[in-house]
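**Q** The structure file coords-v5.cif (mmCIF, C-alpha atoms and all ligand atoms) is provided below.
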```
data_model
loop_
_atom_site.label_atom_id
_atom_site.label_comp_id
_atom_site.auth_asym_id
_atom_site.auth_seq_id
_atom_site.Cartn_x
_atom_site.Cartn_y
_atom_site.Cartn_z
CA MET A 285 -3.22 -7.39 -30.51
CA LYS A 286 -2.29 -4.17 -28.76
CA TYR A 287 -5.73 -4.17 -27.17
CA LEU A 288 -5.17 -7.58 -25.67
CA SER A 289 -2.31 -6.50 -23.41
CA THR A 290 -2.44 -7.64 -19.79
CA GLU A 291 -3.28 -4.08 -18.79
CA THR A 292 -6.31 -3.66 -21.02
CA LEU A 293 -7.51 -7.09 -20.02
CA THR A 294 -7.08 -6.14 -16.35
CA ILE A 295 -9.21 -3.03 -16.77
CA ALA A 296 -11.86 -5.07 -18.56
CA ALA A 297 -11.64 -7.66 -15.77
CA ILE A 298 -12.41 -5.01 -13.14
CA PHE A 299 -15.64 -4.03 -14.90
CA LEU A 300 -16.58 -7.62 -15.66
CA GLY A 301 -15.90 -8.55 -12.04
CA ILE A 302 -18.13 -5.77 -10.72
CA THR A 303 -20.93 -6.66 -13.15
CA ALA A 304 -20.72 -10.36 -12.41
CA GLY A 305 -20.58 -9.65 -8.67
CA VAL A 306 -23.84 -7.73 -8.89
CA TRP A 307 -25.73 -10.05 -11.26
CA LEU A 308 -24.26 -13.46 -10.61
CA PRO A 309 -23.19 -13.34 -6.97
CA ASP A 310 -23.33 -17.10 -6.45
CA THR A 311 -21.12 -17.81 -9.42
CA MET A 312 -18.61 -15.24 -8.25
CA LEU A 313 -18.60 -16.68 -4.74
CA SER A 314 -17.75 -20.06 -6.23
CA PHE A 315 -14.92 -18.53 -8.29
CA LYS A 316 -13.15 -17.30 -5.19
CA TRP A 317 -10.40 -19.89 -5.59
CA MET A 318 -9.15 -18.12 -8.69
CA GLY A 319 -8.44 -14.90 -6.83
CA ASP A 320 -6.97 -16.85 -3.92
CA LEU A 321 -4.62 -18.65 -6.26
CA PHE A 322 -3.44 -15.37 -7.75
CA LEU A 323 -2.88 -13.92 -4.29
CA MET A 324 -0.99 -16.98 -3.09
CA LEU A 325 1.32 -16.85 -6.09
CA LEU A 326 2.07 -13.19 -5.41
CA LYS A 327 2.63 -13.87 -1.73
CA MET A 328 4.95 -16.73 -2.61
CA LEU A 329 7.28 -14.16 -4.13
CA ILE A 330 7.18 -11.45 -1.48
CA VAL A 331 9.78 -12.74 0.97
CA PRO A 332 12.49 -13.92 -1.48
CA LEU A 333 11.93 -10.89 -3.67
CA VAL A 334 12.06 -8.35 -0.84
CA PHE A 335 15.11 -10.02 0.60
CA ALA A 336 17.04 -10.14 -2.67
CA SER A 337 15.93 -6.78 -4.06
CA VAL A 338 16.65 -4.81 -0.91
CA PHE A 339 20.01 -6.51 -0.48
CA VAL A 340 21.02 -5.86 -4.07
CA ALA A 341 19.78 -2.28 -3.95
CA ILE A 342 21.72 -1.41 -0.80
CA VAL A 343 24.92 -3.13 -1.88
CA SER A 344 24.73 -1.43 -5.30
CA LEU A 345 24.48 1.93 -3.59
CA GLY A 346 28.07 1.23 -2.71
CA SER A 347 28.41 2.68 0.77
CA GLY A 348 26.67 3.17 4.05
CA GLU A 349 26.94 6.88 3.42
CA ALA A 350 24.97 6.68 0.15
CA LEU A 351 22.38 4.52 1.87
CA LYS A 352 21.98 6.97 4.71
CA ASN A 353 21.59 9.75 2.22
CA LEU A 354 18.90 7.99 0.22
CA GLY A 355 17.20 6.63 3.33
CA LEU A 356 16.90 10.06 4.91
CA LYS A 357 15.59 11.58 1.70
CA ALA A 358 13.07 8.75 1.42
CA LEU A 359 11.86 9.27 4.99
CA GLY A 360 11.61 13.02 4.47
CA TYR A 361 9.59 12.51 1.32
CA TYR A 362 7.32 9.95 3.02
CA LEU A 363 6.63 12.26 5.95
CA LEU A 364 5.89 15.17 3.66
CA THR A 365 3.40 13.26 1.50
CA THR A 366 1.80 11.55 4.49
CA ALA A 367 1.31 14.89 6.23
CA LEU A 368 -0.24 16.29 3.07
CA ALA A 369 -2.54 13.25 2.85
CA VAL A 370 -3.82 13.69 6.41
CA THR A 371 -4.30 17.41 5.82
CA THR A 372 -6.25 16.72 2.63
CA GLY A 373 -8.41 14.27 4.58
CA LEU A 374 -9.14 16.77 7.34
CA VAL A 375 -9.95 19.53 4.86
CA VAL A 376 -12.32 17.28 2.92
CA VAL A 377 -14.06 16.23 6.14
CA GLY A 378 -14.50 19.89 7.00
CA ILE A 379 -16.26 20.44 3.70
CA VAL A 380 -18.32 17.24 3.35
CA GLU A 381 -19.08 16.86 7.09
CA PRO A 382 -19.94 13.18 6.90
CA GLY A 383 -21.80 11.42 9.66
CA ALA A 384 -24.08 14.07 11.02
CA ALA A 385 -27.06 12.69 9.09
CA HIS A 386 -27.10 9.20 10.55
CA GLN A 387 -26.13 9.46 14.15
CA MET A 388 -25.01 6.02 15.22
CA ALA A 389 -27.15 4.37 12.55
CA ALA A 390 -25.12 1.21 12.29
CA SER A 391 -25.04 -1.27 15.12
CA ALA A 392 -21.73 -1.64 16.84
CA ALA A 393 -21.98 -5.41 16.74
CA VAL A 394 -18.46 -5.94 15.49
CA THR A 395 -16.14 -6.70 18.36
CA ALA A 396 -13.37 -4.22 18.69
CA PRO A 397 -9.92 -5.48 17.73
CA PRO A 398 -7.27 -5.35 20.46
CA GLU A 399 -5.81 -1.95 20.99
CA GLN A 400 -2.47 -1.10 19.36
CA SER A 401 0.03 0.69 21.52
CA PHE A 402 3.13 2.54 20.44
CA SER A 403 5.56 0.26 22.29
CA THR A 404 4.13 -2.98 20.87
CA LEU A 405 4.36 -1.38 17.46
CA LEU A 406 8.00 -0.49 17.97
CA LEU A 407 8.95 -3.92 19.28
CA SER A 408 7.15 -5.60 16.40
CA PHE A 409 9.72 -4.14 14.01
CA VAL A 410 12.58 -6.18 15.46
CA PRO A 411 13.13 -9.79 14.34
CA ALA A 412 14.07 -11.97 17.29
CA ASN A 413 14.44 -14.94 14.98
CA ILE A 414 14.95 -14.12 11.34
CA PHE A 415 13.82 -17.55 10.13
CA GLN A 416 10.55 -17.14 11.94
CA SER A 417 10.13 -13.67 10.43
CA LEU A 418 10.87 -15.07 6.99
CA SER A 419 8.48 -17.97 7.34
CA GLU A 420 5.72 -15.77 8.71
CA GLY A 421 6.28 -13.16 6.03
CA LYS A 422 6.86 -10.30 8.50
CA ILE A 423 8.11 -7.79 5.97
CA VAL A 424 9.22 -5.02 8.31
CA GLN A 425 11.28 -7.48 10.33
CA VAL A 426 12.81 -8.91 7.16
CA LEU A 427 13.64 -5.37 6.05
CA VAL A 428 15.37 -4.62 9.34
CA PHE A 429 17.47 -7.78 9.04
CA VAL A 430 18.39 -7.21 5.38
CA LEU A 431 19.43 -3.69 6.26
CA PHE A 432 21.94 -5.05 8.78
CA PHE A 433 23.02 -7.82 6.45
CA ALA A 434 23.60 -5.55 3.44
CA VAL A 435 25.41 -2.87 5.42
CA ALA A 436 27.61 -5.60 6.89
CA ALA A 437 28.28 -6.93 3.39
CA LEU A 438 29.44 -3.47 2.38
CA GLN A 439 32.18 -3.72 5.00
CA LEU A 440 33.59 -6.98 3.60
CA GLU A 441 36.56 -7.03 1.28
CA SER A 442 35.44 -6.54 -2.30
CA ALA A 443 35.86 -10.11 -3.61
CA ARG A 444 33.67 -11.53 -0.86
CA ARG A 445 31.12 -8.77 -1.12
CA GLU A 446 30.86 -9.41 -4.86
CA THR A 447 30.18 -13.10 -4.31
CA LEU A 448 27.21 -12.22 -2.15
CA GLN A 449 26.09 -9.50 -4.50
CA GLU A 450 26.20 -11.76 -7.55
CA PHE A 451 24.30 -14.47 -5.78
CA PHE A 452 21.49 -12.17 -4.70
CA GLU A 453 21.40 -10.45 -8.08
CA SER A 454 20.74 -13.80 -9.69
CA VAL A 455 18.07 -14.62 -7.11
CA ASN A 456 16.54 -11.22 -7.76
CA ASP A 457 16.49 -11.72 -11.54
CA ALA A 458 14.98 -15.18 -11.23
CA MET A 459 12.25 -13.84 -8.93
CA GLY A 460 11.61 -11.08 -11.45
CA LYS A 461 11.04 -13.76 -14.10
CA ILE A 462 8.48 -15.51 -11.93
CA ALA A 463 6.84 -12.14 -11.25
CA GLU A 464 6.47 -11.63 -15.03
CA TRP A 465 4.67 -14.95 -15.33
CA ILE A 466 2.33 -14.23 -12.44
CA ILE A 467 1.55 -10.77 -13.81
CA LYS A 468 0.14 -12.48 -16.91
CA LEU A 469 -2.53 -14.01 -14.69
CA THR A 470 -3.62 -10.61 -13.35
CA PRO A 471 -6.86 -10.31 -15.38
CA LEU A 472 -8.17 -13.63 -14.07
CA GLY A 473 -7.13 -12.90 -10.51
CA VAL A 474 -8.58 -9.41 -10.56
CA PHE A 475 -11.87 -10.60 -12.05
CA SER A 476 -12.32 -13.13 -9.28
CA LEU A 477 -11.14 -10.91 -6.40
CA ILE A 478 -13.37 -7.99 -7.31
CA GLY A 479 -16.37 -10.12 -8.21
CA TYR A 480 -16.09 -11.87 -4.86
CA VAL A 481 -15.96 -8.63 -2.85
CA ILE A 482 -18.98 -7.20 -4.65
CA ALA A 483 -20.92 -10.47 -4.36
CA LYS A 484 -20.18 -10.71 -0.66
CA GLU A 485 -20.51 -7.10 0.47
CA GLY A 486 -23.06 -5.87 -2.06
CA LEU A 487 -23.19 -2.30 -3.24
CA SER A 488 -26.09 -1.33 -0.95
CA THR A 489 -24.00 -0.98 2.21
CA LEU A 490 -21.93 1.60 0.36
CA TRP A 491 -25.07 3.59 -0.22
CA GLU A 492 -26.08 3.54 3.45
CA LEU A 493 -22.85 5.19 4.48
CA LYS A 494 -22.67 7.40 1.41
CA SER A 495 -21.51 10.63 3.00
CA TYR A 496 -18.60 8.84 4.66
CA VAL A 497 -17.72 6.83 1.56
CA LEU A 498 -17.89 9.99 -0.51
CA ALA A 499 -15.60 11.89 1.85
CA VAL A 500 -12.97 9.14 1.80
CA LEU A 501 -13.10 8.77 -1.98
CA LEU A 502 -13.04 12.51 -2.60
CA GLY A 503 -10.01 12.91 -0.35
CA LEU A 504 -8.21 10.00 -1.99
CA PHE A 505 -8.84 11.31 -5.48
CA VAL A 506 -7.71 14.84 -4.64
CA HIS A 507 -4.54 13.46 -3.11
CA ALA A 508 -3.80 11.03 -5.94
CA LEU A 509 -4.68 13.27 -8.86
CA ILE A 510 -3.61 16.70 -7.62
CA VAL A 511 -1.44 16.75 -4.50
CA LEU A 512 0.91 13.84 -5.22
CA PRO A 513 1.46 14.63 -8.92
CA VAL A 514 2.26 18.27 -8.09
CA VAL A 515 4.77 17.25 -5.42
CA ALA A 516 6.31 14.63 -7.71
CA ARG A 517 6.55 17.06 -10.58
CA ILE A 518 8.29 19.69 -8.47
CA LEU A 519 10.67 17.35 -6.66
CA GLY A 520 11.19 14.72 -9.34
CA ARG A 521 10.89 16.80 -12.52
CA PHE A 522 8.97 14.26 -14.57
CA ASN A 523 5.50 13.97 -16.00
CA PRO A 524 3.36 11.98 -13.51
CA LEU A 525 0.68 11.22 -16.09
CA ASP A 526 3.11 9.58 -18.51
CA TYR A 527 4.58 7.68 -15.62
CA PHE A 528 1.17 6.52 -14.48
CA LYS A 529 0.44 5.10 -17.91
CA LYS A 530 3.56 2.97 -17.63
CA VAL A 531 3.04 1.63 -14.13
CA ARG A 532 -0.75 1.53 -13.77
CA GLU A 533 -0.78 -2.26 -13.80
CA ALA A 534 0.60 -2.17 -10.25
CA VAL A 535 -2.07 0.31 -9.15
CA LEU A 536 -4.77 -1.95 -10.56
CA VAL A 537 -3.36 -4.97 -8.75
CA ALA A 538 -3.24 -2.94 -5.53
CA PHE A 539 -6.87 -2.00 -6.03
CA SER A 540 -7.98 -5.58 -6.51
CA THR A 541 -5.89 -7.22 -3.82
CA ALA A 542 -6.17 -4.45 -1.18
CA SER A 543 -2.64 -5.38 -0.18
CA SER A 544 0.49 -3.29 -0.76
CA ALA A 545 2.64 -6.26 0.22
CA ALA A 546 1.04 -8.64 -2.28
CA THR A 547 1.39 -5.96 -4.95
CA LEU A 548 5.10 -5.55 -4.29
CA PRO A 549 6.32 -8.08 -6.90
CA VAL A 550 4.22 -6.28 -9.52
CA SER A 551 5.27 -2.78 -8.50
CA ILE A 552 8.98 -3.62 -8.46
CA GLU A 553 8.71 -5.31 -11.83
CA THR A 554 6.69 -2.57 -13.56
CA ALA A 555 8.63 0.35 -12.06
CA TYR A 556 11.94 -1.18 -13.13
CA GLU A 557 10.97 -2.67 -16.48
CA ARG A 558 8.62 0.03 -17.73
CA GLY A 559 8.70 3.05 -15.46
CA GLY A 560 12.37 3.86 -16.00
CA VAL A 561 13.14 3.54 -12.29
CA LYS A 562 16.67 2.39 -11.45
CA LYS A 563 17.21 -0.96 -9.81
CA GLU A 564 18.54 0.61 -6.61
CA SER A 565 15.55 2.86 -6.33
CA ALA A 566 12.91 0.25 -7.18
CA GLY A 567 14.57 -2.39 -5.04
CA PHE A 568 14.95 -0.25 -1.96
CA ILE A 569 12.27 2.45 -2.07
CA LEU A 570 9.35 0.22 -3.07
CA PRO A 571 9.69 -2.44 -0.34
CA LEU A 572 10.33 0.27 2.23
CA GLY A 573 7.39 2.31 0.95
CA ALA A 574 5.04 -0.67 0.89
CA THR A 575 5.44 -0.97 4.64
CA VAL A 576 5.86 2.58 5.89
CA ASN A 577 4.53 4.96 3.24
CA MET A 578 0.75 4.73 3.10
CA ASP A 579 -0.81 7.99 2.05
CA GLY A 580 -4.19 6.45 1.29
CA THR A 581 -4.36 4.81 4.71
CA ALA A 582 -3.30 7.99 6.53
CA LEU A 583 -5.98 10.00 4.76
CA TYR A 584 -8.60 7.34 5.43
CA GLU A 585 -7.75 7.20 9.16
CA ALA A 586 -8.25 10.93 9.48
CA VAL A 587 -11.58 10.94 7.65
CA ALA A 588 -12.85 7.86 9.49
CA VAL A 589 -12.14 9.18 12.98
CA MET A 590 -13.76 12.52 12.18
CA PHE A 591 -16.79 10.69 10.80
CA ILE A 592 -17.05 8.59 13.94
CA ALA A 593 -16.71 11.65 16.14
CA ASN A 594 -19.48 13.39 14.18
CA SER A 595 -21.71 10.34 14.47
CA TYR A 596 -21.22 10.28 18.23
CA GLY A 597 -22.02 13.96 18.33
CA MET A 598 -18.56 14.78 19.64
CA GLU A 599 -16.89 18.03 18.64
CA LEU A 600 -13.18 17.66 17.97
CA GLY A 601 -11.30 20.88 18.48
CA PHE A 602 -8.02 22.03 17.03
CA SER A 603 -5.81 20.32 19.60
CA GLN A 604 -7.58 17.03 19.03
CA GLN A 605 -7.12 17.44 15.31
CA ILE A 606 -3.39 17.72 15.97
CA VAL A 607 -3.59 14.45 17.90
CA ILE A 608 -5.41 12.91 14.93
CA PHE A 609 -2.79 14.30 12.61
CA LEU A 610 0.03 12.64 14.54
CA THR A 611 -1.70 9.35 15.30
CA ALA A 612 -2.97 8.96 11.72
CA THR A 613 0.58 9.42 10.50
CA PHE A 614 1.88 6.78 12.91
CA ALA A 615 -1.01 4.46 12.15
CA SER A 616 -0.20 4.58 8.45
CA ILE A 617 3.47 3.90 9.13
CA GLY A 618 2.62 1.01 11.43
CA ALA A 619 -0.12 -0.56 9.30
CA ALA A 620 0.98 -3.74 7.58
CA GLY A 621 0.46 -3.95 3.83
CA ILE A 622 -2.39 -6.42 4.13
CA PRO A 623 -6.16 -6.07 3.72
CA GLY A 624 -7.90 -4.45 6.66
CA ALA A 625 -4.72 -3.37 8.46
CA GLY A 626 -5.87 0.25 8.44
CA LEU A 627 -9.06 -0.65 10.26
CA VAL A 628 -7.11 -2.32 13.06
CA MET A 629 -4.88 0.75 13.41
CA MET A 630 -8.00 2.87 13.89
CA THR A 631 -8.09 1.64 17.48
CA MET A 632 -4.92 3.62 18.21
CA ILE A 633 -6.50 6.84 17.01
CA LEU A 634 -9.87 6.25 18.63
CA SER A 635 -8.32 5.72 22.03
CA ALA A 636 -6.05 8.72 21.56
CA VAL A 637 -9.02 11.02 21.11
CA GLY A 638 -11.20 9.19 23.64
CA LEU A 639 -13.75 7.52 21.39
CA PRO A 640 -15.01 3.98 22.15
CA LEU A 641 -13.26 1.23 20.20
CA GLU A 642 -16.63 -0.34 19.31
CA ALA A 643 -17.15 2.62 17.00
CA ILE A 644 -15.18 0.56 14.49
CA GLY A 645 -18.46 -1.30 13.93
CA LEU A 646 -19.81 1.84 12.31
CA ILE A 647 -17.38 1.73 9.42
CA ALA A 648 -16.47 -1.95 9.20
CA ALA A 649 -19.19 -2.80 6.68
CA VAL A 650 -17.70 -0.67 3.94
CA ASP A 651 -14.09 -1.14 4.90
CA ARG A 652 -13.12 -3.65 2.24
CA VAL A 653 -14.21 -1.49 -0.66
CA LEU A 654 -12.53 1.61 0.78
CA ASP A 655 -9.47 -0.54 1.48
CA MET A 656 -9.20 -1.24 -2.24
CA PHE A 657 -9.12 2.47 -3.03
CA ARG A 658 -6.74 3.43 -0.25
CA THR A 659 -4.35 0.61 -1.14
CA ALA A 660 -4.31 1.78 -4.76
CA ILE A 661 -3.31 5.24 -3.52
CA ASN A 662 -0.73 3.75 -1.15
CA VAL A 663 0.94 1.97 -4.04
CA TRP A 664 0.63 4.97 -6.37
CA GLY A 665 2.39 7.03 -3.68
CA ASP A 666 5.17 4.45 -3.45
CA LEU A 667 5.62 4.33 -7.20
CA LEU A 668 5.90 8.10 -7.34
CA ALA A 669 8.35 8.07 -4.43
CA ALA A 670 10.57 5.56 -6.25
CA ARG A 671 10.61 7.74 -9.33
CA VAL A 672 11.20 10.98 -7.43
CA LEU A 673 14.05 9.49 -5.40
CA ASN A 674 15.52 7.97 -8.55
CA ARG A 675 17.10 11.35 -9.12
CA PHE A 676 19.19 11.02 -5.99
CA VAL A 677 20.51 7.50 -6.60
N1 LIG B 701 -4.63 -2.60 2.85
C1 LIG B 701 -3.74 -1.48 2.96
C2 LIG B 701 -2.44 -1.78 2.24
O1 LIG B 701 -2.08 -2.91 2.07
C3 LIG B 701 -3.48 -1.12 4.38
C4 LIG B 701 -4.77 -0.62 4.98
O2 LIG B 701 -5.57 -1.44 5.43
O3 LIG B 701 -5.00 0.59 4.98
O4 LIG B 701 -1.77 -0.88 1.81
#
```
Could you render the structure as structure tokens?
**A**
Amino acid sequence: MKYLSTETLTIAAIFLGITAGVWLPDTMLSFKWMGDLFLMLLKMLIVPLVFASVFVAIVSLGSGEALKNLGLKALGYYLLTTALAVTTGLVVVGIVEPGAAHQMAASAAVTAPPEQSFSTLLLSFVPANIFQSLSEGKIVQVLVFVLFFAVAALQLESARRETLQEFFESVNDAMGKIAEWIIKLTPLGVFSLIGYVIAKEGLSTLWELKSYVLAVLLGLFVHALIVLPVVARILGRFNPLDYFKKVREAVLVAFSTASSAATLPVSIETAYERGGVKKESAGFILPLGATVNMDGTALYEAVAVMFIANSYGMELGFSQQIVIFLTATFASIGAAGIPGAGLVMMTMILSAVGLPLEAIGLIAAVDRVLDMFRTAINVWGDLLAARVLNRFV
């Protein structure tokens, strides 16, 4: 029976999904509802779970001081790993040099998404109406509100604070139960989601842009398998491989859904139940990480813009690489944890280095598949962060 665990079934489902997507595309297109159902169930949990888990985590930290301490450490760790991700991306691009072979091969038929500016990004973090933010599932805004709410709760006299804390702890535990049930459906959801993507996109487009796809994947693998584990080992003093074996279910869900936000219920549940991560750490670091810490996306942004520049025959010098470094970092912080968010953020980087926004058309065809990989790395980075910062809780 050991071989019939949800995890083994999920891995089998990935391969079955790919095979069925290639050989039985029509069937897989008609099975789309199964993946949609799985996604909707996960999304159903995001808002109540984020609200309750972040509240409980902050209140259990016990003081604003402890929160500030952990928060600053978390941000420092995020910036460090994101910077390493972008650097890895730039180094890989320097070696693989994608793009040169097929100058502007793809048509730029895709209309460019509206440009993202820094100020709109900043304003989008603030909830003007918390009920609207809750109902629209705006996670960053919900996080900002819960932060205020929980810190305010910490200032209340202890009996009243405990009432709130107990209430949200119970909500949190009940949501965790639902998450456990939904996780059991992962193999079916994953099978349908992956089969659908392969059936719709086909594997041939990947081949046409192979040097670019290769550069992104190489960078992501180097970061996930070498850079991040080394950093985690040094700072967190644990064995990343053992940890991966315990939490890989969340990475697989991230891969299939291409959404850090939708994966959140699974990552909180697995990190806490199996990964030995404390409630405060899982409840605070994971929701925060799912929205601001995206190593995979940062790396992808850097590779993609260099690829586009190469394809347009534009040389990007050192100073422009610094611009890419900074904008890719911001783009990954600003990107929402939903499919395709990274592609939209590309506009910010393209305009910063003076490339036309239509260039997005060049990479859009393969974006979904790369999104699956970068989201898996985003979530892996968050899971490692939760475990590393566990030490400081
Ligand atoms: N889909 C990614 C995520 O949810 C964001 C991106 O598009 O890069 O983490």
**Q** Collect all residues with atoms no farther than 7 Å from ligand LIG 701 (chain B), counting all atoms listed in the file, and output them as an mmCIF file with C-alpha atoms, in the frame of the given file.
**A**
```
data_model
loop_
_atom_site.group_PDB
_atom_site.id
_atom_site.type_symbol
_atom_site.label_atom_id
_atom_site.label_comp_id
_atom_site.auth_asym_id
_atom_site.auth_seq_id
_atom_site.Cartn_x
_atom_site.Cartn_y
_atom_site.Cartn_z
ATOM 1 C CA ALA A 542 -6.170 -4.450 -1.180
ATOM 2 C CA SER A 543 -2.640 -5.380 -0.180
ATOM 3 C CA SER A 544 0.490 -3.290 -0.760
ATOM 4 C CA ALA A 545 2.640 -6.260 0.220
ATOM 5 C CA ALA A 574 5.040 -0.670 0.890
ATOM 6 C CA MET A 578 0.750 4.730 3.100
ATOM 7 C CA GLY A 580 -4.190 6.450 1.290
ATOM 8 C CA THR A 581 -4.360 4.810 4.710
ATOM 9 C CA ALA A 619 -0.120 -0.560 9.300
ATOM 10 C CA ALA A 620 0.980 -3.740 7.580
ATOM 11 C CA GLY A 621 0.460 -3.950 3.830
ATOM 12 C CA ILE A 622 -2.390 -6.420 4.130
ATOM 13 C CA PRO A 623 -6.160 -6.070 3.720
ATOM 14 C CA GLY A 624 -7.900 -4.450 6.660
ATOM 15 C CA ALA A 625 -4.720 -3.370 8.460
ATOM 16 C CA GLY A 626 -5.870 0.250 8.440
ATOM 17 C CA LEU A 627 -9.060 -0.650 10.260
ATOM 18 C CA ASP A 655 -9.470 -0.540 1.480
ATOM 19 C CA MET A 656 -9.200 -1.240 -2.240
ATOM 20 C CA ARG A 658 -6.740 3.430 -0.250
ATOM 21 C CA THR A 659 -4.350 0.610 -1.140
ATOM 22 C CA ASN A 662 -0.730 3.750 -1.150
#
```
**Q** Calculated over only C-alpha atoms, which of the candidates A:Val677, A:Ala546, A:Leu654, A:Ile552 has the smallest distance to A:Ala350?
**A**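 Of the candidates, the smallest distance to A:Ala350 is held by A:Val677.
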**Q** Suppose you want the space between atom CA of A:Val550 and atom CA of A:Ile467; what is it in Å?
**A**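 Distance reported for this atom pair: 6.8 Å.
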**Q** Using all atoms listed in the file, determine which residues lie at most 12 Å from A:Met598, disregarding the query and same-chain residues fewer than 2 positions distant; provide the list as a PyMOL selection string.
**A** chain A and resi 383-384+387-388+589-596+600-601+604+637-640
**Q** Determine, counting only C-alpha atoms, which protein, DNA and RNA residues have an atom within 6 Å of an atom of A:Gly567; residues of the same chain fewer than 4 positions away are not included. Present the result as a list in words.
**A** Ser337, Val338, Ala341 and Lys563 of chain A
**Q** With a distance cut-off of 8 Å and only C-alpha atoms, select the neighbouring residues of A:Gly460, excluding the residue or stretch itself and same-chain residues fewer than 4 positions from it, and output the selection as a tab-separated table (two decimals) with C-alpha atoms, in the frame of the given file.
**A**
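Writing done, so here's around_23.tsv:
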```tsv
chain	number	residue	atom	x	y	z
A	333	LEU	CA	11.93	-10.89	-3.67
A	456	ASN	CA	16.54	-11.22	-7.76
A	464	GLU	CA	6.47	-11.63	-15.03
A	549	PRO	CA	6.32	-8.08	-6.90
A	553	GLU	CA	8.71	-5.31	-11.83
```
**Q** Work out how far atom CA of A:Thr294 is from atom CA of A:Leu308, in Å to one decimal.
**A**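 Atom-to-atom, atom CA of A:Leu308 to atom CA of A:Thr294, that is 19.5 Å.
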**Q** Can you measure atom CA of A:Gly559 to atom CA of A:Pro332 for me? One decimal in Å is fine.
**A**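 Separation of atom CA of A:Gly559 and atom CA of A:Pro332: 22.3 Å.
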**Q** When you count only C-alpha atoms, which of these residues is closest to A:Ser314: A:Lys484, A:Pro571, A:Ile633, A:Val650?
**A**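 For A:Ser314, the nearest of the candidates is A:Lys484.
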**Q** Find the spatial neighbours of stretch 520-535 of chain A, counting only C-alpha atoms, within a cut-off of 6 Å - ignore same-chain residues fewer than 4 positions away - and output them as number ranges by chain.
**A** A: 291, 513, 516, 550-551, 554, 558-559, 660, 672
**Q** For the selection just defined, write its residues with C-alpha atoms to a file, as a JSON list (two decimals), in the coordinates of the input.
**A**
```
[["chain", "number", "residue", "atom", "x", "y", "z"],
["A", 291, "GLU", "CA", -3.28, -4.08, -18.79],
["A", 513, "PRO", "CA", 1.46, 14.63, -8.92],
["A", 516, "ALA", "CA", 6.31, 14.63, -7.71],
["A", 550, "VAL", "CA", 4.22, -6.28, -9.52],
["A", 551, "SER", "CA", 5.27, -2.78, -8.50],
["A", 554, "THR", "CA", 6.69, -2.57, -13.56],
["A", 558, "ARG", "CA", 8.62, 0.03, -17.73],
["A", 559, "GLY", "CA", 8.70, 3.05, -15.46],
["A", 660, "ALA", "CA", -4.31, 1.78, -4.76],
["A", 672, "VAL", "CA", 11.20, 10.98, -7.43]]
```
**Q** For A:Gly421, which residue among A:Pro382, A:Ser289, A:Phe335, A:Leu477 is the nearest when counting only C-alpha atoms?
**A**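 Closest to A:Gly421 of all the choices is A:Phe335.
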**Q** Would you please work out which residue, of A:Val375, A:Val435, A:Val428, A:Val515, is nearest to A:Ser344 when using all atoms listed in the file?
**A** A:Val435
**Q** Find the residue from A:Leu438, A:Lys461, A:Ser417, A:Ala499 that sits nearest to A:Gly378; use only C-alpha atoms when measuring.
**A**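 Closest residue, counting only C-alpha atoms: A:Ala499.
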**Q** In the coordinate frame of the file, compute which residues have an atom within 12 Å of (-12.6, -13.0, -10.5) when using all atoms listed in the file, and state them as a PyMOL selection string.
**A** chain A and resi 294+296-305+308-309+311-323+469-483+540-541
**Q** Save the residues we just selected, C-alpha atoms, as a CSV table (one decimal), in the coordinates of the input?
**A**
```
chain,number,residue,atom,x,y,z
A,294,THR,CA,-7.1,-6.1,-16.4
A,296,ALA,CA,-11.9,-5.1,-18.6
A,297,ALA,CA,-11.6,-7.7,-15.8
A,298,ILE,CA,-12.4,-5.0,-13.1
A,299,PHE,CA,-15.6,-4.0,-14.9
A,300,LEU,CA,-16.6,-7.6,-15.7
A,301,GLY,CA,-15.9,-8.6,-12.0
A,302,ILE,CA,-18.1,-5.8,-10.7
A,303,THR,CA,-20.9,-6.7,-13.2
A,304,ALA,CA,-20.7,-10.4,-12.4
A,305,GLY,CA,-20.6,-9.6,-8.7
A,308,LEU,CA,-24.3,-13.5,-10.6
A,309,PRO,CA,-23.2,-13.3,-7.0
A,311,THR,CA,-21.1,-17.8,-9.4
A,312,MET,CA,-18.6,-15.2,-8.2
A,313,LEU,CA,-18.6,-16.7,-4.7
A,314,SER,CA,-17.8,-20.1,-6.2
A,315,PHE,CA,-14.9,-18.5,-8.3
A,316,LYS,CA,-13.2,-17.3,-5.2
A,317,TRP,CA,-10.4,-19.9,-5.6
A,318,MET,CA,-9.2,-18.1,-8.7
A,319,GLY,CA,-8.4,-14.9,-6.8
A,320,ASP,CA,-7.0,-16.8,-3.9
A,321,LEU,CA,-4.6,-18.6,-6.3
A,322,PHE,CA,-3.4,-15.4,-7.8
A,323,LEU,CA,-2.9,-13.9,-4.3
A,469,LEU,CA,-2.5,-14.0,-14.7
A,470,THR,CA,-3.6,-10.6,-13.4
A,471,PRO,CA,-6.9,-10.3,-15.4
A,472,LEU,CA,-8.2,-13.6,-14.1
A,473,GLY,CA,-7.1,-12.9,-10.5
A,474,VAL,CA,-8.6,-9.4,-10.6
A,475,PHE,CA,-11.9,-10.6,-12.0
A,476,SER,CA,-12.3,-13.1,-9.3
A,477,LEU,CA,-11.1,-10.9,-6.4
A,478,ILE,CA,-13.4,-8.0,-7.3
A,479,GLY,CA,-16.4,-10.1,-8.2
A,480,TYR,CA,-16.1,-11.9,-4.9
A,481,VAL,CA,-16.0,-8.6,-2.8
A,482,ILE,CA,-19.0,-7.2,-4.6
A,483,ALA,CA,-20.9,-10.5,-4.4
A,540,SER,CA,-8.0,-5.6,-6.5
A,541,THR,CA,-5.9,-7.2,-3.8
```
